[in-house]
Amino acid sequence: MLDKEPYEFRETERLRRIWLAFRRDRIALFSFYLFLLLILTALFSTFIAPYASDTQFIGKELTPPSWVASGEVAYFFGTDDLGRDVFSRIINGVSYTFGSALIVVIFTAFIGGGLGILAGMSHGFKSRVLGHFLDTFLSVPILLISIVIATLMEPGLSNAMLAISLALLPHFIHEIYQAIQQELKKDYILTMRLDGAPNRVLLRETILPNIMVRYIREIVQAFVIALLEISSLSFISLGAQRPTPEWGAMIRDSLELIYIAPWAVILPGIAIIFVLLIVILMGNGICRTLERYGE
């Protein structure tokens, strides 16, 4: 067994206590398990879905959902105008909509968090110039920046993910930068610096633990924005293209059927809302736990 440093034992014990406190929040814990279920669904959607996303059932076009009198259990959420099973397309769409948003957020959290820390710990003229530069991005909506970047590239889901990541990064870096700058102005930081504490110790022992709640809130907000923008860019034909079963693209392709086959439009929208609700509930639960633990 390898020897551990004392701070490693403290970190392990602290994480265990946070997990135990998080488990007492039943709603947050339930949303956490649903989030894990979404990840598994995104990884194994082709095995979970009853049919392939592009399988067409001739003669079964616009079959209503199974809970309607004329519906069939074999097509639980009904079919679209091409006879494709809506339930299978929504399950396969988890990989494209949820999975793409998750990748964007992981990239933004690591790259944006790292750059935000570097920017926040800088001093003097360089710090002020960087702060004003990041402030300029706050005046432009993230969706508008994503659309501008996406129009410069070939329409596709991967390019939409890149556009959203580039649009999210300045906002994420700015929030982490501002959080660290606010911490650096507090009295206990000044006291530790007078005692000779290096920046590495300040970050690990005080600054990062104190901004963790804000960091998680920014990740949750970034996930919400990423998922909505992936669907939005696909809806306006700048993201996923046919026949990809991305939820925004599914709504776009079936929008003209809203009065004939409303399930083909409404159910992908409900899937988007469902995922957003899970992420928000889980994120709020984690933040509440950390805030209680820090009191």
# chains A, B, ... in the order shown; residues from 1 in each chain; ligands from 1
call {"tool": "closest_atom_pairs", "arguments": {"of": "segment 109-161 of chain A", "to": "segment 220-233 of chain A", "cutoff": "9 Å", "atoms": "only C-alpha atoms", "output": "JSON lines"}}
result
{"residue": "A:Ala109", "atom": "CA", "partner": "A:Ala222", "partner_atom": "CA", "distance": 8.6}
{"residue": "A:Ile142", "atom": "CA", "partner": "A:Ile225", "partner_atom": "CA", "distance": 8.3}
{"residue": "A:Leu143", "atom": "CA", "partner": "A:Glu229", "partner_atom": "CA", "distance": 6.6}
{"residue": "A:Ser146", "atom": "CA", "partner": "A:Glu229", "partner_atom": "CA", "distance": 8.0}
{"residue": "A:Ile147", "atom": "CA", "partner": "A:Leu233", "partner_atom": "CA", "distance": 7.2}
{"residue": "A:Ala150", "atom": "CA", "partner": "A:Leu233", "partner_atom": "CA", "distance": 8.2}
{"residue": "A:Leu157", "atom": "CA", "partner": "A:Ile230", "partner_atom": "CA", "distance": 7.8}
{"residue": "A:Ala160", "atom": "CA", "partner": "A:Ile230", "partner_atom": "CA", "distance": 6.7}
{"residue": "A:Met161", "atom": "CA", "partner": "A:Ile230", "partner_atom": "CA", "distance": 7.0}
call {"tool": "residues_around", "arguments": {"residues": "Ile278 of chain A", "least_positions_apart": "4", "cutoff": "7 Å", "atoms": "only C-alpha atoms", "output": "PDB file with N, CA and C atoms, in the first residue's frame"}}
result
ATOM      1  N   SER A  31     -32.138  12.672  -9.197  1.00  0.00           N
ATOM      2  CA  SER A  31     -31.709  13.314 -10.447  1.00  0.00           C
ATOM      3  C   SER A  31     -30.299  12.878 -10.824  1.00  0.00           C
ATOM      4  N   PHE A  35     -29.238  11.110 -14.222  1.00  0.00           N
ATOM      5  CA  PHE A  35     -28.142  11.632 -15.037  1.00  0.00           C
ATOM      6  C   PHE A  35     -27.200  10.501 -15.452  1.00  0.00           C
ATOM      7  N   PHE A 274     -36.951  17.503 -20.192  1.00  0.00           N
ATOM      8  CA  PHE A 274     -36.678  16.479 -19.175  1.00  0.00           C
ATOM      9  C   PHE A 274     -35.191  16.461 -18.806  1.00  0.00           C
ATOM     10  N   MET A 282     -29.984  18.277 -10.252  1.00  0.00           N
ATOM     11  CA  MET A 282     -28.748  17.689  -9.745  1.00  0.00           C
ATOM     12  C   MET A 282     -27.737  18.773  -9.373  1.00  0.00           C
TER      13      MET A 282
END
call {"tool": "closest_atom_pairs", "arguments": {"of": "segment 7-121 of chain A", "to": "segment 165-178 of chain A", "cutoff": "7 Å", "atoms": "only C-alpha atoms", "output": "tab-separated table"}}
result
residue	atom	partner	partner_atom	distance
A:Val104	CA	A:Ser165	CA	5.8
A:Thr108	CA	A:Leu169	CA	5.9
A:Gly112	CA	A:Ile173	CA	5.0
A:Gly113	CA	A:Ile173	CA	6.3
A:Leu115	CA	A:Ile173	CA	6.3
A:Gly116	CA	A:Ile173	CA	4.3
A:Ile117	CA	A:Tyr177	CA	6.3
A:Ala119	CA	A:Tyr177	CA	5.9
A:Gly120	CA	A:Tyr177	CA	4.3
call {"tool": "write_last_selection", "arguments": {"atoms": "all heavy atoms", "output": "PDB file, in the first residue's frame"}}
result
ATOM      1  N   VAL A 104     -19.232  19.154 -24.900  1.00  0.00           N
ATOM      2  CA  VAL A 104     -18.978  20.598 -24.923  1.00  0.00           C
ATOM      3  C   VAL A 104     -18.714  21.126 -23.518  1.00  0.00           C
ATOM      4  O   VAL A 104     -17.788  21.916 -23.294  1.00  0.00           O
ATOM      5  CB  VAL A 104     -20.168  21.332 -25.572  1.00  0.00           C
ATOM      6  CG1 VAL A 104     -20.057  22.846 -25.354  1.00  0.00           C
ATOM      7  CG2 VAL A 104     -20.231  21.031 -27.059  1.00  0.00           C
ATOM      8  N   THR A 108     -15.372  22.796 -22.017  1.00  0.00           N
ATOM      9  CA  THR A 108     -15.441  24.159 -21.489  1.00  0.00           C
ATOM     10  C   THR A 108     -15.015  24.225 -20.034  1.00  0.00           C
ATOM     11  O   THR A 108     -14.309  25.151 -19.623  1.00  0.00           O
ATOM     12  CB  THR A 108     -16.873  24.703 -21.641  1.00  0.00           C
ATOM     13  OG1 THR A 108     -17.272  24.636 -23.015  1.00  0.00           O
ATOM     14  CG2 THR A 108     -16.963  26.152 -21.177  1.00  0.00           C
ATOM     15  N   GLY A 112     -11.808  26.159 -19.987  1.00  0.00           N
ATOM     16  CA  GLY A 112     -12.225  27.452 -19.452  1.00  0.00           C
ATOM     17  C   GLY A 112     -11.849  27.627 -17.993  1.00  0.00           C
ATOM     18  O   GLY A 112     -11.453  28.718 -17.571  1.00  0.00           O
ATOM     19  N   GLY A 113     -11.974  26.538 -17.215  1.00  0.00           N
ATOM     20  CA  GLY A 113     -11.589  26.625 -15.811  1.00  0.00           C
ATOM     21  C   GLY A 113     -10.103  26.876 -15.651  1.00  0.00           C
ATOM     22  O   GLY A 113      -9.681  27.713 -14.836  1.00  0.00           O
ATOM     23  N   LEU A 115      -7.969  28.226 -17.883  1.00  0.00           N
ATOM     24  CA  LEU A 115      -7.622  29.575 -18.341  1.00  0.00           C
ATOM     25  C   LEU A 115      -8.156  30.635 -17.384  1.00  0.00           C
ATOM     26  O   LEU A 115      -7.515  31.673 -17.173  1.00  0.00           O
ATOM     27  CB  LEU A 115      -8.178  29.808 -19.751  1.00  0.00           C
ATOM     28  CG  LEU A 115      -7.557  28.955 -20.865  1.00  0.00           C
ATOM     29  CD1 LEU A 115      -8.250  29.223 -22.189  1.00  0.00           C
ATOM     30  CD2 LEU A 115      -6.065  29.227 -20.977  1.00  0.00           C
ATOM     31  N   GLY A 116      -9.332  30.366 -16.792  1.00  0.00           N
ATOM     32  CA  GLY A 116      -9.885  31.316 -15.821  1.00  0.00           C
ATOM     33  C   GLY A 116      -9.021  31.426 -14.582  1.00  0.00           C
ATOM     34  O   GLY A 116      -8.835  32.523 -14.033  1.00  0.00           O
ATOM     35  N   ILE A 117      -8.477  30.287 -14.145  1.00  0.00           N
ATOM     36  CA  ILE A 117      -7.583  30.303 -12.973  1.00  0.00           C
ATOM     37  C   ILE A 117      -6.295  31.064 -13.296  1.00  0.00           C
ATOM     38  O   ILE A 117      -5.831  31.896 -12.504  1.00  0.00           O
ATOM     39  CB  ILE A 117      -7.268  28.866 -12.528  1.00  0.00           C
ATOM     40  CG1 ILE A 117      -8.521  28.221 -11.928  1.00  0.00           C
ATOM     41  CG2 ILE A 117      -6.131  28.848 -11.510  1.00  0.00           C
ATOM     42  CD1 ILE A 117      -8.363  26.749 -11.618  1.00  0.00           C
ATOM     43  N   ALA A 119      -5.907  33.363 -15.545  1.00  0.00           N
ATOM     44  CA  ALA A 119      -6.230  34.787 -15.676  1.00  0.00           C
ATOM     45  C   ALA A 119      -6.496  35.409 -14.313  1.00  0.00           C
ATOM     46  O   ALA A 119      -6.079  36.543 -14.044  1.00  0.00           O
ATOM     47  CB  ALA A 119      -7.454  34.953 -16.583  1.00  0.00           C
ATOM     48  N   GLY A 120      -7.189  34.674 -13.445  1.00  0.00           N
ATOM     49  CA  GLY A 120      -7.532  35.222 -12.140  1.00  0.00           C
ATOM     50  C   GLY A 120      -6.330  35.434 -11.245  1.00  0.00           C
ATOM     51  O   GLY A 120      -6.312  36.361 -10.425  1.00  0.00           O
TER      52      GLY A 120
END
call {"tool": "atom_distance", "arguments": {"atom1": "atom CA of Phe32 of chain A", "atom2": "atom CA of Ala163 of chain A"}}
result
28.2 Å
call {"tool": "atom_distance", "arguments": {"atom1": "atom CA of Ser237 of chain A", "atom2": "atom CA of Ile251 of chain A"}}
result
11.3 Å
call {"tool": "closest_residue", "arguments": {"among": "A:Pro64, A:Gly114, A:Gly283, A:Gly269", "to": "Phe77 of chain A", "atoms": "only C-alpha atoms"}}
result
A:Pro64
call {"tool": "closest_residue", "arguments": {"among": "A:Gly99, A:Pro155, A:Pro50, A:Gly196", "to": "Asp85 of chain A", "atoms": "only C-alpha atoms"}}
result
A:Pro50
call {"tool": "select_by_dssp", "arguments": {"residues": "segment 115-202 of chain A", "states": "helix (DSSP H, G or I)", "output": "PyMOL selection string"}}
result
chain A and resi 115-120+124-137+142-151+157-184+187-194+199-202
call {"tool": "closest_residue", "arguments": {"among": "A:Arg16, A:Arg26, A:His123, A:Arg292", "to": "Asn199 of chain A", "atoms": "only C-alpha atoms"}}
result
A:His123
call {"tool": "closest_residue", "arguments": {"among": "A:Leu238, A:Thr244, A:Ala52, A:Ile286", "to": "Val148 of chain A", "atoms": "only C-alpha atoms"}}
result
A:Leu238
call {"tool": "atom_distance", "arguments": {"atom1": "atom CA of Leu267 of chain A", "atom2": "atom CA of Pro65 of chain A"}}
result
10.3 Å
call {"tool": "closest_residue", "arguments": {"among": "A:Val201, A:Met212, A:Val275, A:Leu62", "to": "Ser254 of chain A", "atoms": "only C-alpha atoms"}}
result
A:Leu62
call {"tool": "residues_around", "arguments": {"residues": "Ile211 of chain A", "least_positions_apart": "5", "cutoff": "9 Å", "atoms": "only C-alpha atoms", "output": "list in words"}}
result
Ile176, Ala179, Ile180, Glu183, Thr206 and Ile216 of chain A
call {"tool": "write_last_selection", "arguments": {"atoms": "N, CA and C atoms", "output": "PDB file, in the first residue's frame"}}
result
ATOM      1  N   ILE A 176     -14.983  32.594 -13.926  1.00  0.00           N
ATOM      2  CA  ILE A 176     -13.951  32.055 -13.039  1.00  0.00           C
ATOM      3  C   ILE A 176     -12.937  33.140 -12.690  1.00  0.00           C
ATOM      4  N   ALA A 179     -14.515  35.387 -10.105  1.00  0.00           N
ATOM      5  CA  ALA A 179     -14.622  34.719  -8.807  1.00  0.00           C
ATOM      6  C   ALA A 179     -13.276  34.710  -8.079  1.00  0.00           C
ATOM      7  N   ILE A 180     -12.205  34.414  -8.802  1.00  0.00           N
ATOM      8  CA  ILE A 180     -10.884  34.388  -8.174  1.00  0.00           C
ATOM      9  C   ILE A 180     -10.432  35.784  -7.782  1.00  0.00           C
ATOM     10  N   GLU A 183     -12.006  36.674  -4.560  1.00  0.00           N
ATOM     11  CA  GLU A 183     -11.393  35.976  -3.429  1.00  0.00           C
ATOM     12  C   GLU A 183     -10.054  36.590  -3.052  1.00  0.00           C
ATOM     13  N   THR A 206      -7.616  27.354  -0.202  1.00  0.00           N
ATOM     14  CA  THR A 206      -8.638  28.363   0.098  1.00  0.00           C
ATOM     15  C   THR A 206      -9.455  28.798  -1.108  1.00  0.00           C
ATOM     16  N   ILE A 216     -19.497  25.087 -10.043  1.00  0.00           N
ATOM     17  CA  ILE A 216     -20.508  24.092 -10.408  1.00  0.00           C
ATOM     18  C   ILE A 216     -21.735  24.766 -11.015  1.00  0.00           C
TER      19      ILE A 216
END
call {"tool": "closest_residue", "arguments": {"among": "A:Tyr215, A:Phe76, A:Phe47, A:Trp247", "to": "Ser100 of chain A", "atoms": "only C-alpha atoms"}}
result
A:Trp247
call {"tool": "residues_around", "arguments": {"residues": "Gly285 of chain A", "least_positions_apart": "6", "cutoff": "10 Å", "atoms": "only C-alpha atoms", "output": "PyMOL selection string"}}
result
chain A and resi 22-23+25-29+31-32+279+291
